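**Student:** model.csv is reproduced below (CSV, C-alpha atoms).
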```
chain,number,residue,atom,x,y,z
L,1286,MET,CA,117.2,25.2,88.1
L,1287,ALA,CA,118.3,21.6,88.7
L,1288,GLU,CA,118.8,19.6,85.5
L,1289,SER,CA,116.8,16.6,86.9
L,1290,ALA,CA,113.8,18.7,87.8
L,1291,ASP,CA,110.4,17.5,86.4
L,1292,HIS,CA,108.6,20.7,87.3
L,1293,ILE,CA,109.2,24.3,88.2
L,1294,THR,CA,107.7,26.5,90.9
L,1295,CYS,CA,105.8,29.8,90.6
L,1296,GLN,CA,109.0,31.6,91.9
L,1297,GLU,CA,111.0,30.0,89.1
L,1298,VAL,CA,108.4,31.1,86.6
L,1299,VAL,CA,108.8,34.7,87.8
L,1300,GLU,CA,112.6,34.4,87.7
L,1301,LEU,CA,112.6,32.8,84.2
L,1302,SER,CA,109.8,34.9,82.6
L,1303,SER,CA,112.1,37.4,80.8
L,1304,ASP,CA,114.3,34.6,79.3
L,1305,TYR,CA,111.2,32.7,78.3
L,1306,LEU,CA,109.5,35.7,76.6
L,1307,GLU,CA,112.8,36.5,74.8
L,1308,GLY,CA,113.1,32.9,73.6
L,1309,GLU,CA,116.3,32.5,75.6
L,1310,LEU,CA,115.4,29.4,77.7
L,1311,PRO,CA,116.8,26.1,76.7
L,1312,ALA,CA,114.2,23.8,75.2
L,1313,ALA,CA,113.8,21.6,78.3
L,1314,GLU,CA,113.3,24.6,80.6
L,1315,ALA,CA,110.9,26.2,78.2
L,1316,GLU,CA,108.9,22.9,78.2
L,1317,LEU,CA,108.7,22.9,82.0
L,1318,PHE,CA,107.8,26.5,82.0
L,1319,GLU,CA,104.9,25.9,79.6
L,1320,GLN,CA,103.8,22.8,81.5
L,1321,HIS,CA,103.6,25.0,84.6
L,1322,LEU,CA,101.4,27.5,82.8
L,1323,ASN,CA,99.0,24.7,81.9
L,1324,PHE,CA,98.0,24.3,85.5
L,1325,CYS,CA,98.7,27.6,87.2
L,1326,GLU,CA,96.3,30.5,86.4
L,1327,GLY,CA,98.3,32.9,88.5
L,1328,CYS,CA,101.4,32.4,86.5
L,1329,VAL,CA,99.5,32.6,83.3
L,1330,TRP,CA,98.2,36.0,84.5
L,1331,TYR,CA,101.8,37.1,85.5
L,1332,VAL,CA,103.3,36.1,82.1
L,1333,ASP,CA,100.5,37.8,80.2
L,1334,GLU,CA,101.1,41.0,82.2
L,1335,MET,CA,104.8,40.8,81.3
L,1336,ARG,CA,103.9,40.4,77.6
L,1337,ARG,CA,101.6,43.5,77.8
L,1338,THR,CA,104.3,45.5,79.6
L,1339,ILE,CA,106.9,44.6,77.0
L,1340,ALA,CA,104.5,45.5,74.2
L,1341,THR,CA,103.6,48.8,75.8
L,1342,GLY,CA,107.3,49.6,76.3
L,1343,GLU,CA,108.0,48.9,72.7
L,1344,ARG,CA,105.4,51.4,71.6
L,1345,LEU,CA,106.6,54.1,74.0
L,1346,ARG,CA,109.1,56.7,72.8
L,1347,GLU,CA,111.5,58.4,75.2
L,1348,ASP,CA,110.2,61.8,74.1
L,1349,GLN,CA,106.7,60.8,75.2
L,1350,VAL,CA,107.8,60.4,78.8
L,1351,PRO,CA,107.9,63.5,80.9
L,1352,ASP,CA,111.3,64.4,82.4
L,1353,GLU,CA,109.9,64.2,86.0
L,1354,VAL,CA,109.0,60.5,85.3
L,1355,LEU,CA,111.9,59.6,83.0
L,1356,ASP,CA,114.8,60.9,85.2
L,1357,PRO,CA,113.8,58.8,88.3
L,1358,LEU,CA,113.2,55.7,86.1
L,1359,LEU,CA,116.6,56.0,84.5
L,1360,GLU,CA,118.3,56.5,87.9
L,1361,ALA,CA,116.5,53.4,89.3
L,1362,PHE,CA,117.6,51.3,86.4
L,1363,ARG,CA,121.2,52.6,86.7
L,1364,GLY,CA,121.2,51.6,90.3
L,1365,TRP,CA,119.7,48.2,89.5
L,1366,LYS,CA,122.4,47.4,87.0
L,1367,ARG,CA,125.1,48.3,89.4
L,1368,SER,CA,123.8,46.0,92.1
```
Any chance you could give the structure as structure tokens?
**Tutor:**
Amino acid sequence: MAESADHITCQEVVELSSDYLEGELPAAEAELFEQHLNFCEGCVWYVDEMRRTIATGERLREDQVPDEVLDPLLEAFRGWKRS
């Protein structure tokens, strides 16, 4: 994101959501992120869904996921990290 930006786009919200939710955005970017959420209902919905997904993932244990689901997920994430 450009340092002189006075707003961020919906695409930038999507790209920055993980860092925002993990508290990793610099203060100025976090402020722009939150300003965007003040007027964009779609992005509020997206960030709320991300929060719920993270919360669900934190409660889920590996032994609760069937192998036929876990194995393809692990392979997809391995491929994603390599790309």
**Student:** So the first atom is atom CA of L:Leu1306 and the second is atom CA of L:Asp1348; what is the distance between them in Å, to one decimal place?
**Tutor:**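 Taking atom CA of L:Leu1306 and atom CA of L:Asp1348, their separation equals 26.2 Å.
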**Student:** What is the distance between atom CA of L:Glu1314 and atom CA of L:Arg1337, in Å to one decimal?
**Tutor:** 22.4 Å
**Student:** Expressed in Å to a single decimal, how great is the separation between atom CA of L:Cys1325 and atom CA of L:Leu1310?
**Tutor:**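 Result for atom CA of L:Cys1325 versus atom CA of L:Leu1310: 19.3 Å, one decimal.
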**Student:** Have a look at L:Glu1334, L:Asp1352, L:Asp1291, L:Glu1360 and name the one nearest to L:Ser1303; count all atoms listed in the file.
**Tutor:**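 Looking only at the distances to L:Ser1303, the closest residue turns out to be L:Glu1334.
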